[in-house]
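So this one's protein_35.cif, mmCIF, C-alpha atoms and all ligand atoms:
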```cif
data_structure
#
loop_
_atom_site.group_PDB
_atom_site.id
_atom_site.type_symbol
_atom_site.label_atom_id
_atom_site.label_comp_id
_atom_site.auth_asym_id
_atom_site.auth_seq_id
_atom_site.Cartn_x
_atom_site.Cartn_y
_atom_site.Cartn_z
ATOM 1 C CA MET A 1 -112.787 93.463 156.186
ATOM 2 C CA GLN A 2 -109.701 95.453 155.249
ATOM 3 C CA LEU A 3 -106.440 93.466 155.153
ATOM 4 C CA ARG A 4 -103.217 95.412 155.672
ATOM 5 C CA LEU A 5 -99.834 94.102 154.533
ATOM 6 C CA PRO A 6 -97.222 96.246 156.306
ATOM 7 C CA THR A 7 -93.604 96.095 155.157
ATOM 8 C CA SER A 8 -91.920 97.606 158.236
ATOM 9 C CA ILE A 9 -92.175 97.293 162.031
ATOM 10 C CA PRO A 10 -93.533 100.861 162.491
ATOM 11 C CA GLU A 11 -96.273 100.086 159.945
ATOM 12 C CA VAL A 12 -97.220 96.916 161.882
ATOM 13 C CA GLN A 13 -97.343 98.952 165.107
ATOM 14 C CA GLU A 14 -99.651 101.413 163.403
ATOM 15 C CA CYS A 15 -101.964 98.551 162.338
ATOM 16 C CA LEU A 16 -102.049 97.193 165.895
ATOM 17 C CA ALA A 17 -102.759 100.653 167.282
ATOM 18 C CA ASP A 18 -105.686 100.816 164.837
ATOM 19 C CA GLY A 19 -107.032 97.563 166.325
ATOM 20 C CA ALA A 20 -106.065 95.183 163.493
ATOM 21 C CA VAL A 21 -106.392 91.446 164.230
ATOM 22 C CA PRO A 22 -103.313 89.357 163.286
ATOM 23 C CA ILE A 23 -103.878 86.793 160.575
ATOM 24 C CA GLY A 24 -101.618 84.045 159.243
ATOM 25 C CA GLY A 25 -102.954 81.701 156.561
ATOM 26 C CA ALA A 26 -106.551 82.027 157.883
ATOM 27 C CA THR A 27 -106.858 78.208 158.063
ATOM 28 C CA LEU A 28 -108.394 78.490 161.535
ATOM 29 C CA VAL A 29 -109.960 81.934 161.641
ATOM 30 C CA TRP A 30 -111.823 81.831 158.333
ATOM 31 C CA ALA A 31 -114.558 79.429 159.458
ATOM 32 C CA THR A 32 -115.029 81.319 162.743
ATOM 33 C CA TRP A 33 -115.235 84.658 160.951
ATOM 34 C CA GLN A 34 -117.748 83.291 158.443
ATOM 35 C CA ARG A 35 -119.902 82.133 161.354
ATOM 36 C CA ASP A 36 -119.444 85.067 163.754
ATOM 37 C CA GLY A 37 -118.629 87.940 161.410
ATOM 38 C CA PHE A 38 -115.391 89.395 160.034
ATOM 39 C CA PRO A 39 -113.285 91.948 161.927
ATOM 40 C CA GLU A 40 -113.096 95.401 160.374
ATOM 41 C CA LEU A 41 -109.314 95.303 160.117
ATOM 42 C CA ALA A 42 -106.774 92.457 159.880
ATOM 43 C CA VAL A 43 -102.992 92.539 159.561
ATOM 44 C CA SER A 44 -100.805 89.905 157.897
ATOM 45 C CA LEU A 45 -97.018 89.806 158.381
ATOM 46 C CA ARG A 46 -96.395 88.135 155.028
ATOM 47 C CA GLU A 47 -94.725 91.223 153.497
ATOM 48 C CA LEU A 48 -92.663 91.967 156.614
ATOM 49 C CA PRO A 49 -88.998 90.898 156.135
ATOM 50 C CA GLU A 50 -88.482 90.122 159.852
ATOM 51 C CA ALA A 51 -91.428 87.686 159.793
ATOM 52 C CA ASN A 52 -90.016 85.877 156.755
ATOM 53 C CA ALA A 53 -86.584 85.193 158.289
ATOM 54 C CA TYR A 54 -85.432 81.677 157.539
ATOM 55 C CA GLY A 55 -82.150 80.066 158.556
ATOM 56 C CA PRO A 56 -80.506 77.372 160.686
ATOM 57 C CA GLN A 57 -81.144 79.420 163.853
ATOM 58 C CA GLU A 58 -84.277 81.436 163.088
ATOM 59 C CA LEU A 59 -87.731 81.140 161.603
ATOM 60 C CA GLY A 60 -90.161 83.969 160.889
ATOM 61 C CA ALA A 61 -93.781 83.810 162.044
ATOM 62 C CA ALA A 62 -95.162 84.342 158.521
ATOM 63 C CA VAL A 63 -93.279 81.366 157.060
ATOM 64 C CA MET A 64 -95.751 78.781 155.778
ATOM 65 C CA LEU A 65 -95.397 75.294 157.221
ATOM 66 C CA HIS A 66 -94.733 73.598 153.859
ATOM 67 C CA ARG A 67 -91.593 75.754 153.409
ATOM 68 C CA ILE A 68 -89.951 74.403 156.579
ATOM 69 C CA ASP A 69 -87.274 71.963 155.364
ATOM 70 C CA ASP A 70 -83.899 70.602 156.431
ATOM 71 C CA ARG A 71 -82.340 74.054 156.672
ATOM 72 C CA VAL A 72 -83.728 74.077 160.243
ATOM 73 C CA PRO A 73 -83.017 71.393 162.893
ATOM 74 C CA GLU A 74 -84.611 68.011 162.201
ATOM 75 C CA VAL A 75 -87.017 68.311 165.134
ATOM 76 C CA LEU A 76 -88.645 71.432 163.681
ATOM 77 C CA HIS A 77 -88.638 70.214 160.109
ATOM 78 C CA ARG A 78 -90.315 66.908 161.043
ATOM 79 C CA ALA A 79 -92.830 68.607 163.333
ATOM 80 C CA ALA A 80 -93.923 70.946 160.527
ATOM 81 C CA SER A 81 -94.144 68.208 157.910
ATOM 82 C CA GLY A 82 -96.508 66.167 160.109
ATOM 83 C CA ILE A 83 -99.109 68.914 160.584
ATOM 84 C CA GLY A 84 -102.538 68.482 158.971
ATOM 85 C CA THR A 85 -102.797 67.971 155.219
ATOM 86 C CA GLY A 86 -100.689 69.343 152.368
ATOM 87 C CA ALA A 87 -103.360 71.978 151.748
ATOM 88 C CA VAL A 88 -103.229 73.121 155.401
ATOM 89 C CA ARG A 89 -99.416 73.248 155.360
ATOM 90 C CA ARG A 90 -99.403 75.319 152.154
ATOM 91 C CA ALA A 91 -101.440 78.052 153.876
ATOM 92 C CA ALA A 92 -100.836 77.804 157.656
ATOM 93 C CA THR A 93 -98.014 79.774 159.247
ATOM 94 C CA VAL A 94 -95.592 79.365 162.147
ATOM 95 C CA GLY A 95 -97.328 82.197 164.071
ATOM 96 C CA GLY A 96 -100.804 80.759 163.532
ATOM 97 C CA ASN A 97 -99.671 77.329 164.699
ATOM 98 C CA LEU A 98 -97.797 78.428 167.815
ATOM 99 C CA VAL A 99 -100.070 81.204 169.030
ATOM 100 C CA GLY A 100 -103.389 80.411 167.403
ATOM 101 C CA SER A 101 -103.913 76.652 167.289
ATOM 102 C CA THR A 102 -104.745 74.297 170.153
ATOM 103 C CA LEU A 103 -102.686 71.395 168.797
ATOM 104 C CA ARG A 104 -99.456 73.362 168.305
ATOM 105 C CA CYS A 105 -97.329 70.558 166.904
ATOM 106 C CA LEU A 106 -94.484 73.088 166.547
ATOM 107 C CA LEU A 107 -94.462 73.856 170.279
ATOM 108 C CA PRO A 108 -92.666 70.729 171.606
ATOM 109 C CA ALA A 109 -90.036 71.235 168.876
ATOM 110 C CA ALA A 110 -89.560 74.894 169.821
ATOM 111 C CA VAL A 111 -89.365 73.937 173.522
ATOM 112 C CA VAL A 112 -86.544 71.415 173.016
ATOM 113 C CA LEU A 113 -84.658 73.928 170.861
ATOM 114 C CA GLU A 114 -84.985 76.307 173.843
ATOM 115 C CA ALA A 115 -86.242 78.806 171.304
ATOM 116 C CA ARG A 116 -86.863 82.439 172.193
ATOM 117 C CA ALA A 117 -89.846 84.254 170.746
ATOM 118 C CA VAL A 118 -89.367 87.606 169.027
ATOM 119 C CA VAL A 119 -92.560 89.542 169.725
ATOM 120 C CA LEU A 120 -93.812 92.983 168.804
ATOM 121 C CA GLU A 121 -95.083 95.193 171.607
ATOM 122 C CA PRO A 122 -96.181 98.842 171.355
ATOM 123 C CA GLU A 123 -92.606 99.841 172.390
ATOM 124 C CA GLY A 124 -90.901 97.686 169.746
ATOM 125 C CA LEU A 125 -89.424 94.212 169.211
ATOM 126 C CA PHE A 126 -88.527 92.065 172.242
ATOM 127 C CA GLU A 127 -87.229 88.576 172.855
ATOM 128 C CA THR A 128 -89.234 86.567 175.357
ATOM 129 C CA ASP A 129 -89.925 83.012 176.600
ATOM 130 C CA LEU A 130 -92.321 80.723 174.774
ATOM 131 C CA SER A 131 -94.400 80.473 177.973
ATOM 132 C CA ASP A 132 -94.787 84.268 178.076
ATOM 133 C CA LEU A 133 -95.740 84.363 174.396
ATOM 134 C CA LEU A 134 -98.482 81.815 174.919
ATOM 135 C CA ALA A 135 -99.774 83.293 178.164
ATOM 136 C CA LYS A 136 -100.019 86.812 176.704
ATOM 137 C CA ARG A 137 -100.780 85.794 173.074
ATOM 138 C CA GLN A 138 -98.380 88.457 171.869
ATOM 139 C CA LEU A 139 -97.781 89.170 168.187
ATOM 140 C CA LEU A 140 -95.100 86.660 167.192
ATOM 141 C CA VAL A 141 -92.603 87.932 164.632
ATOM 142 C CA GLY A 142 -90.244 84.945 164.761
ATOM 143 C CA LEU A 143 -88.298 82.321 166.694
ATOM 144 C CA ARG A 144 -84.569 82.147 167.420
ATOM 145 C CA TRP A 145 -82.547 79.272 168.872
ATOM 146 C CA ARG A 146 -79.020 77.841 169.122
ATOM 147 C CA THR A 147 -78.262 74.916 166.803
ATOM 148 C CA PRO A 148 -78.456 71.648 168.780
ATOM 149 C CA ILE A 149 -75.933 68.816 168.357
ATOM 150 C CA ILE A 150 -78.725 66.461 167.330
ATOM 151 C CA SER A 151 -82.526 66.432 167.501
ATOM 152 C CA GLY A 152 -85.501 64.173 166.779
ATOM 153 C CA TYR A 153 -89.298 64.110 166.633
ATOM 154 C CA ARG A 154 -92.001 61.478 166.673
ATOM 155 C CA LYS A 155 -95.766 61.868 166.360
ATOM 156 C CA LEU A 156 -97.887 58.774 166.948
ATOM 157 C CA GLU A 157 -100.608 57.847 164.469
ATOM 158 C CA GLU A 158 -103.846 59.806 164.857
ATOM 159 C CA GLU A 159 -107.087 57.988 165.569
ATOM 160 C CA ALA A 160 -109.978 59.714 163.783
ATOM 161 C CA GLY A 161 -112.088 61.607 166.316
ATOM 162 C CA GLY A 162 -109.753 60.566 169.159
ATOM 163 C CA PRO A 163 -107.556 62.705 171.427
ATOM 164 C CA PRO A 164 -104.570 64.534 169.904
ATOM 165 C CA PRO A 165 -101.811 62.076 169.035
ATOM 166 C CA PHE A 166 -98.908 61.825 171.476
ATOM 167 C CA VAL A 167 -95.835 63.767 170.322
ATOM 168 C CA VAL A 168 -92.253 63.496 171.569
ATOM 169 C CA ALA A 169 -89.515 65.968 170.606
ATOM 170 C CA SER A 170 -85.888 65.927 171.715
ATOM 171 C CA ALA A 171 -82.624 67.793 171.287
ATOM 172 C CA VAL A 172 -79.099 67.520 172.697
ATOM 173 C CA HIS A 173 -77.348 70.822 173.383
ATOM 174 C CA THR A 174 -73.864 71.754 174.493
ATOM 175 C CA ASP A 175 -74.315 73.486 177.839
ATOM 176 C CA ASP A 176 -72.316 76.407 179.189
ATOM 177 C CA GLY A 177 -69.941 74.116 181.114
ATOM 178 C CA GLY A 178 -69.008 72.253 177.918
ATOM 179 C CA GLY A 179 -71.047 69.104 178.739
ATOM 180 C CA ASN A 180 -74.088 67.877 176.826
ATOM 181 C CA ARG A 181 -77.694 68.245 177.925
ATOM 182 C CA LEU A 182 -80.750 66.467 176.600
ATOM 183 C CA ARG A 183 -84.106 68.251 176.546
ATOM 184 C CA VAL A 184 -87.279 66.295 175.824
ATOM 185 C CA ALA A 185 -90.796 67.709 175.410
ATOM 186 C CA VAL A 186 -94.027 65.818 174.869
ATOM 187 C CA ARG A 187 -97.536 66.793 173.924
ATOM 188 C CA ASP A 188 -99.859 64.712 176.059
ATOM 189 C CA GLY A 189 -103.453 65.615 175.217
ATOM 190 C CA TYR A 190 -103.258 69.409 174.783
ATOM 191 C CA GLU A 191 -100.547 69.805 177.467
ATOM 192 C CA VAL A 192 -96.849 70.186 176.715
ATOM 193 C CA LEU A 193 -94.482 68.812 179.386
ATOM 194 C CA SER A 194 -90.719 68.946 179.256
ATOM 195 C CA GLY A 195 -87.627 67.823 181.111
ATOM 196 C CA SER A 196 -83.892 68.324 180.764
ATOM 197 C CA VAL A 197 -80.990 66.181 182.023
ATOM 198 C CA ALA A 198 -77.222 66.092 181.711
ATOM 199 C CA CYS A 199 -76.172 63.586 179.152
ATOM 200 C CA ALA A 200 -72.731 62.069 179.748
ATOM 201 C CA ASP A 201 -70.897 59.530 177.586
ATOM 202 C CA ASP A 202 -72.734 56.650 179.222
ATOM 203 C CA SER A 203 -76.209 57.347 177.899
ATOM 204 C CA THR A 204 -77.832 54.265 179.488
ATOM 205 C CA ASP A 205 -78.698 56.254 182.645
ATOM 206 C CA VAL A 206 -80.349 59.109 180.740
ATOM 207 C CA PRO A 207 -83.904 57.691 180.533
ATOM 208 C CA ASP A 208 -83.845 56.991 184.305
ATOM 209 C CA ALA A 209 -82.689 60.544 185.014
ATOM 210 C CA LEU A 210 -85.442 61.944 182.768
ATOM 211 C CA ARG A 211 -88.014 60.121 184.850
ATOM 212 C CA SER A 212 -87.257 62.384 187.791
ATOM 213 C CA THR A 213 -88.367 65.424 185.720
ATOM 214 C CA ASP A 214 -91.979 66.417 184.907
ATOM 215 C CA LEU A 215 -91.960 63.639 182.305
ATOM 216 C CA GLY A 216 -92.100 61.105 185.147
ATOM 217 C CA ALA A 217 -95.854 61.849 185.374
ATOM 218 C CA LEU A 218 -96.515 60.186 182.000
ATOM 219 C CA ASP A 219 -98.490 56.945 181.932
ATOM 220 C CA PRO A 220 -96.443 53.766 181.306
ATOM 221 C CA THR A 221 -97.313 53.519 177.579
ATOM 222 C CA ASP A 222 -96.325 57.124 176.826
ATOM 223 C CA TRP A 223 -93.242 56.792 179.003
ATOM 224 C CA GLU A 224 -92.167 53.741 176.975
ATOM 225 C CA THR A 225 -92.537 55.833 173.767
ATOM 226 C CA VAL A 226 -90.272 58.496 175.297
ATOM 227 C CA ARG A 227 -87.731 55.942 176.527
ATOM 228 C CA ARG A 228 -87.451 54.306 173.082
ATOM 229 C CA HIS A 229 -87.250 57.652 171.314
ATOM 230 C CA VAL A 230 -84.461 58.875 173.607
ATOM 231 C CA THR A 231 -82.526 55.607 173.363
ATOM 232 C CA GLU A 232 -82.709 55.767 169.564
ATOM 233 C CA LEU A 233 -81.673 59.445 169.483
ATOM 234 C CA LEU A 234 -78.659 58.908 171.719
ATOM 235 C CA SER A 235 -77.508 55.895 169.710
ATOM 236 C CA ARG A 236 -77.405 57.918 166.478
ATOM 237 C CA PRO A 237 -74.047 59.175 165.257
ATOM 238 C CA VAL A 238 -73.803 62.936 165.818
ATOM 239 C CA GLY A 239 -74.943 64.719 162.690
ATOM 240 C CA GLY A 240 -77.111 61.702 161.804
HETATM 241 C C1 LIG A 301 -107.592 69.961 158.626
HETATM 242 C C2 LIG A 301 -106.642 70.550 159.643
HETATM 243 C C3 LIG A 301 -105.733 69.716 160.291
HETATM 244 C C4 LIG A 301 -104.849 70.258 161.235
HETATM 245 N N1 LIG A 301 -103.925 69.425 161.856
HETATM 246 C C5 LIG A 301 -103.036 69.954 162.728
HETATM 247 C C6 LIG A 301 -102.026 69.145 163.344
HETATM 248 O O1 LIG A 301 -101.909 67.938 163.114
HETATM 249 N N2 LIG A 301 -101.156 69.750 164.205
HETATM 250 C C7 LIG A 301 -101.225 71.096 164.492
HETATM 251 O O2 LIG A 301 -100.395 71.598 165.246
HETATM 252 N N3 LIG A 301 -102.162 71.871 163.920
HETATM 253 C C8 LIG A 301 -103.060 71.333 163.065
HETATM 254 N N4 LIG A 301 -104.003 72.128 162.496
HETATM 255 C C9 LIG A 301 -104.026 73.525 162.881
HETATM 256 C C10 LIG A 301 -103.132 74.279 161.956
HETATM 257 O O3 LIG A 301 -101.809 74.153 162.383
HETATM 258 C C11 LIG A 301 -103.629 75.689 162.061
HETATM 259 O O4 LIG A 301 -104.752 75.753 161.197
HETATM 260 C C12 LIG A 301 -102.639 76.687 161.673
HETATM 261 O O5 LIG A 301 -101.406 76.537 162.280
HETATM 262 C C13 LIG A 301 -103.156 78.079 161.908
HETATM 263 O O6 LIG A 301 -102.300 78.807 161.150
HETATM 264 P P1 LIG A 301 -102.774 80.011 160.290
HETATM 265 O O7 LIG A 301 -101.547 80.679 159.842
HETATM 266 O O8 LIG A 301 -103.741 79.611 159.219
HETATM 267 O O9 LIG A 301 -103.528 80.861 161.416
HETATM 268 P P2 LIG A 301 -104.813 81.772 161.267
HETATM 269 O O10 LIG A 301 -106.033 80.911 161.051
HETATM 270 O O11 LIG A 301 -104.589 82.871 160.305
HETATM 271 O O12 LIG A 301 -104.857 82.383 162.734
HETATM 272 C C14 LIG A 301 -105.118 81.575 163.851
HETATM 273 C C15 LIG A 301 -104.968 82.409 165.122
HETATM 274 O O13 LIG A 301 -103.585 82.724 165.298
HETATM 275 C C16 LIG A 301 -103.431 84.133 165.431
HETATM 276 N N5 LIG A 301 -102.166 84.484 164.786
HETATM 277 C C17 LIG A 301 -101.812 84.282 163.499
HETATM 278 N N6 LIG A 301 -100.555 84.707 163.290
HETATM 279 C C18 LIG A 301 -100.111 85.193 164.476
HETATM 280 C C19 LIG A 301 -98.874 85.781 164.910
HETATM 281 N N7 LIG A 301 -97.832 85.962 164.091
HETATM 282 N N8 LIG A 301 -98.767 86.154 166.209
HETATM 283 C C20 LIG A 301 -99.809 86.001 167.061
HETATM 284 N N9 LIG A 301 -101.000 85.456 166.710
HETATM 285 C C21 LIG A 301 -101.139 85.050 165.433
HETATM 286 C C22 LIG A 301 -104.641 84.756 164.759
HETATM 287 O O14 LIG A 301 -104.944 86.040 165.292
HETATM 288 C C23 LIG A 301 -105.713 83.733 165.093
HETATM 289 O O15 LIG A 301 -106.214 83.971 166.392
HETATM 290 C C24 LIG A 301 -104.896 71.629 161.551
HETATM 291 C C25 LIG A 301 -105.817 72.468 160.893
HETATM 292 C C26 LIG A 301 -106.684 71.954 159.952
HETATM 293 C C27 LIG A 301 -107.629 72.886 159.262
#
```
Would you mind writing the structure in this file as structure tokens?
Ligand SMILES: Cc1cc2nc3c(=O)[nH]c(=O)nc-3n(C[C@H](O)[C@H](O)[C@H](O)COP(=O)(O)OP(=O)(O)OC[C@H]3O[C@@H](n4cnc5c(N)ncnc54)[C@H](O)[C@@H]3O)c2cc1C
Amino acid sequence: MQLRLPTSIPEVQECLADGAVPIGGATLVWATWQRDGFPELAVSLRELPEANAYGPQELGAAVMLHRIDDRVPEVLHRAASGIGTGAVRRAATVGGNLVGSTLRCLLPAAVVLEARAVVLEPEGLFETDLSDLLAKRQLLVGLRWRTPIISGYRKLEEEAGGPPPFVVASAVHTDDGGGNRLRVAVRDGYEVLSGSVACADDSTDVPDALRSTDLGALDPTDWETVRRHVTELLSRPVGG
């Protein structure tokens, strides 16, 4: 297998035109390739500046999970730090997790940040929805979002050999009308569900309002986890 390390967008496009398979940290693909055979050509974005972007409102696809710290919103930082083992996080990348894994612990966090995906198509770089990215499995170059007022994340304990642990992610945003809006996303099994409600000064009604969104389909135990998480988030001082 030949591995290319392009340093510019046109070079990446050339690799894709040559049929190169994208690779992140190879934490998932390596075992499959050893079993089924290696592709002739692979392309890593680790030398591409756009895929190494890192800031309070952006994260490149080649950034390794262990590098994600409190420079990004809490929800994303905590999601990344709870993935797999230290060894996995030191190799696995944002792109591999969001596009390539089935667990996708980063996805609920990206959903509540209302993140946009920067993807590379034959015509160039585009911004698109997370749902489009996942449906088309495009080449992810990075994520962009607006800083939320506050955010939070909780992943329940894993049971060995059991179903994926339940995850709840949340963020409060200022909406265009100047009010606040809460968005909550959960991973229930392998599905990600989300809901968004206005969030006025009296936050006691917020959990009830959330129940009329897709999150209302959760079973009573998972719903109770969401309700507690949201109540705790909304009781925190802003910036806490
Ligand atoms: C022991 C273990 C525990 C784990 N626990 C968790 C967990 O708790 N939560 C969780 O979410 N995940 C978990 N994972 C999965 C882990 O997150 C993935 O292994 C990892 O995110 C894949 O990243 P990678 O960079 O190594 O991808 P790779 O293995 O390199 O690639 C995986 C797939 O993604 C594609 N890909 C890579 N980069 C891009 C890109 N930029 N754009 C488009 N496609 C791309 C590749 O073509 C390939 O199909 C675990 C994995 C292991 C091995």
Surrounding residues as a PyMOL selection string, ligand LIG 301 (chain A), max 7 Å, all atoms listed in the file: chain A and resi 21-30+45+61-62+82-85+88+91-101+103-106+137-141
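From atom CA of Leu143 of chain A back to atom CA of Thr128 of chain A, the distance works out to 9.7 Å.
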Neighbours of Thr225 of chain A within 12 Å (only C-alpha atoms; same-chain residues fewer than 2 positions away dropped), as a count of residues only? 25
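Coordinates place atom CA of Leu3 of chain A at a distance of 21.7 Å from atom CA of Gly124 of chain A.
Across the model, the gap from atom CA of Arg90 of chain A to atom CA of Pro108 of chain A is 21.1 Å.
Picked out by the PyMOL selection byres (((chain A and resi 174) around 12) and not hetatm) when it runs on this file: Leu113, Arg146, Thr147, Pro148, Ile149, Ile150, Ala171, Val172, His173, Asp175, Asp176, Gly177, Gly178, Gly179, Asn180, Arg181, Leu182, Arg183, Val197, Ala198, Cys199 and Ala200 of chain A.
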With all atoms of segment 45-49 of chain A from the file as input, state the centre and edge lengths in Å to one decimal of the axis-aligned box that has 5 Å extra on each side, as JSON.
```
{"center_x": -93.0, "center_y": 90.1, "center_z": 155.9, "size_x": 18.0, "size_y": 13.8, "size_z": 14.9}
```
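Nearest to Leu233 of chain A of all the residues A:Leu130, A:Glu74, A:Gly162, A:Gly142 is A:Glu74, counting all atoms listed in the file.
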Determine the nearest neighbour of Phe38 of chain A from the options A:Arg78, A:Met1, A:Trp145, A:Pro73, counting all atoms listed in the file. A:Met1
Can you sort out segment 2-10 of chain A so it carries all heavy atoms, written as a PDB file, in the coordinates of the input?
```
ATOM      1  N   GLN A   2    -110.877  94.932 155.948  1.00  0.00           N
ATOM      2  CA  GLN A   2    -109.701  95.453 155.249  1.00  0.00           C
ATOM      3  C   GLN A   2    -108.474  94.675 155.734  1.00  0.00           C
ATOM      4  O   GLN A   2    -108.301  94.480 156.944  1.00  0.00           O
ATOM      5  CB  GLN A   2    -109.538  96.936 155.584  1.00  0.00           C
ATOM      6  CG  GLN A   2    -108.451  97.603 154.773  1.00  0.00           C
ATOM      7  CD  GLN A   2    -107.973  98.915 155.394  1.00  0.00           C
ATOM      8  OE1 GLN A   2    -108.544  99.416 156.355  1.00  0.00           O
ATOM      9  NE2 GLN A   2    -106.911  99.467 154.856  1.00  0.00           N
ATOM     10  N   LEU A   3    -107.664  94.190 154.784  1.00  0.00           N
ATOM     11  CA  LEU A   3    -106.440  93.466 155.153  1.00  0.00           C
ATOM     12  C   LEU A   3    -105.233  94.341 154.854  1.00  0.00           C
ATOM     13  O   LEU A   3    -105.028  94.753 153.718  1.00  0.00           O
ATOM     14  CB  LEU A   3    -106.328  92.152 154.357  1.00  0.00           C
ATOM     15  CG  LEU A   3    -105.028  91.377 154.569  1.00  0.00           C
ATOM     16  CD1 LEU A   3    -104.900  90.897 156.023  1.00  0.00           C
ATOM     17  CD2 LEU A   3    -104.946  90.184 153.611  1.00  0.00           C
ATOM     18  N   ARG A   4    -104.433  94.606 155.895  1.00  0.00           N
ATOM     19  CA  ARG A   4    -103.217  95.412 155.672  1.00  0.00           C
ATOM     20  C   ARG A   4    -102.000  94.488 155.601  1.00  0.00           C
ATOM     21  O   ARG A   4    -101.921  93.493 156.334  1.00  0.00           O
ATOM     22  CB  ARG A   4    -103.040  96.422 156.802  1.00  0.00           C
ATOM     23  CG  ARG A   4    -104.084  97.516 156.737  1.00  0.00           C
ATOM     24  CD  ARG A   4    -103.578  98.756 157.453  1.00  0.00           C
ATOM     25  NE  ARG A   4    -104.685  99.648 157.740  1.00  0.00           N
ATOM     26  CZ  ARG A   4    -104.739 100.464 158.770  1.00  0.00           C
ATOM     27  NH1 ARG A   4    -103.740 100.523 159.647  1.00  0.00           N
ATOM     28  NH2 ARG A   4    -105.781 101.253 158.952  1.00  0.00           N
ATOM     29  N   LEU A   5    -101.057  94.889 154.736  1.00  0.00           N
ATOM     30  CA  LEU A   5     -99.834  94.102 154.533  1.00  0.00           C
ATOM     31  C   LEU A   5     -98.622  95.003 154.764  1.00  0.00           C
ATOM     32  O   LEU A   5     -97.953  95.415 153.813  1.00  0.00           O
ATOM     33  CB  LEU A   5     -99.805  93.539 153.103  1.00  0.00           C
ATOM     34  CG  LEU A   5    -100.963  92.601 152.734  1.00  0.00           C
ATOM     35  CD1 LEU A   5    -100.989  92.327 151.232  1.00  0.00           C
ATOM     36  CD2 LEU A   5    -100.840  91.295 153.502  1.00  0.00           C
ATOM     37  N   PRO A   6     -98.327  95.318 156.025  1.00  0.00           N
ATOM     38  CA  PRO A   6     -97.222  96.246 156.306  1.00  0.00           C
ATOM     39  C   PRO A   6     -95.878  95.659 155.897  1.00  0.00           C
ATOM     40  O   PRO A   6     -95.708  94.436 155.893  1.00  0.00           O
ATOM     41  CB  PRO A   6     -97.295  96.422 157.826  1.00  0.00           C
ATOM     42  CG  PRO A   6     -98.011  95.213 158.322  1.00  0.00           C
ATOM     43  CD  PRO A   6     -98.970  94.822 157.246  1.00  0.00           C
ATOM     44  N   THR A   7     -94.929  96.560 155.566  1.00  0.00           N
ATOM     45  CA  THR A   7     -93.604  96.095 155.157  1.00  0.00           C
ATOM     46  C   THR A   7     -92.517  96.533 156.143  1.00  0.00           C
ATOM     47  O   THR A   7     -91.348  96.296 155.907  1.00  0.00           O
ATOM     48  CB  THR A   7     -93.254  96.638 153.753  1.00  0.00           C
ATOM     49  OG1 THR A   7     -93.336  98.066 153.807  1.00  0.00           O
ATOM     50  CG2 THR A   7     -94.206  96.122 152.688  1.00  0.00           C
ATOM     51  N   SER A   8     -92.913  97.196 157.231  1.00  0.00           N
ATOM     52  CA  SER A   8     -91.920  97.606 158.236  1.00  0.00           C
ATOM     53  C   SER A   8     -92.554  97.488 159.632  1.00  0.00           C
ATOM     54  O   SER A   8     -93.790  97.499 159.762  1.00  0.00           O
ATOM     55  CB  SER A   8     -91.473  99.061 158.001  1.00  0.00           C
ATOM     56  OG  SER A   8     -92.564  99.918 158.296  1.00  0.00           O
ATOM     57  N   ILE A   9     -91.688  97.427 160.645  1.00  0.00           N
ATOM     58  CA  ILE A   9     -92.175  97.293 162.031  1.00  0.00           C
ATOM     59  C   ILE A   9     -93.060  98.499 162.422  1.00  0.00           C
ATOM     60  O   ILE A   9     -94.145  98.302 162.980  1.00  0.00           O
ATOM     61  CB  ILE A   9     -90.977  97.117 162.998  1.00  0.00           C
ATOM     62  CG1 ILE A   9     -90.280  95.769 162.736  1.00  0.00           C
ATOM     63  CG2 ILE A   9     -91.392  97.258 164.454  1.00  0.00           C
ATOM     64  CD1 ILE A   9     -91.098  94.534 163.043  1.00  0.00           C
ATOM     65  N   PRO A  10     -92.649  99.746 162.125  1.00  0.00           N
ATOM     66  CA  PRO A  10     -93.533 100.861 162.491  1.00  0.00           C
ATOM     67  C   PRO A  10     -94.918 100.760 161.833  1.00  0.00           C
ATOM     68  O   PRO A  10     -95.929 101.081 162.460  1.00  0.00           O
ATOM     69  CB  PRO A  10     -92.779 102.105 161.994  1.00  0.00           C
ATOM     70  CG  PRO A  10     -91.341 101.681 161.970  1.00  0.00           C
ATOM     71  CD  PRO A  10     -91.349 100.223 161.613  1.00  0.00           C
TER      72      PRO A  10
END
```
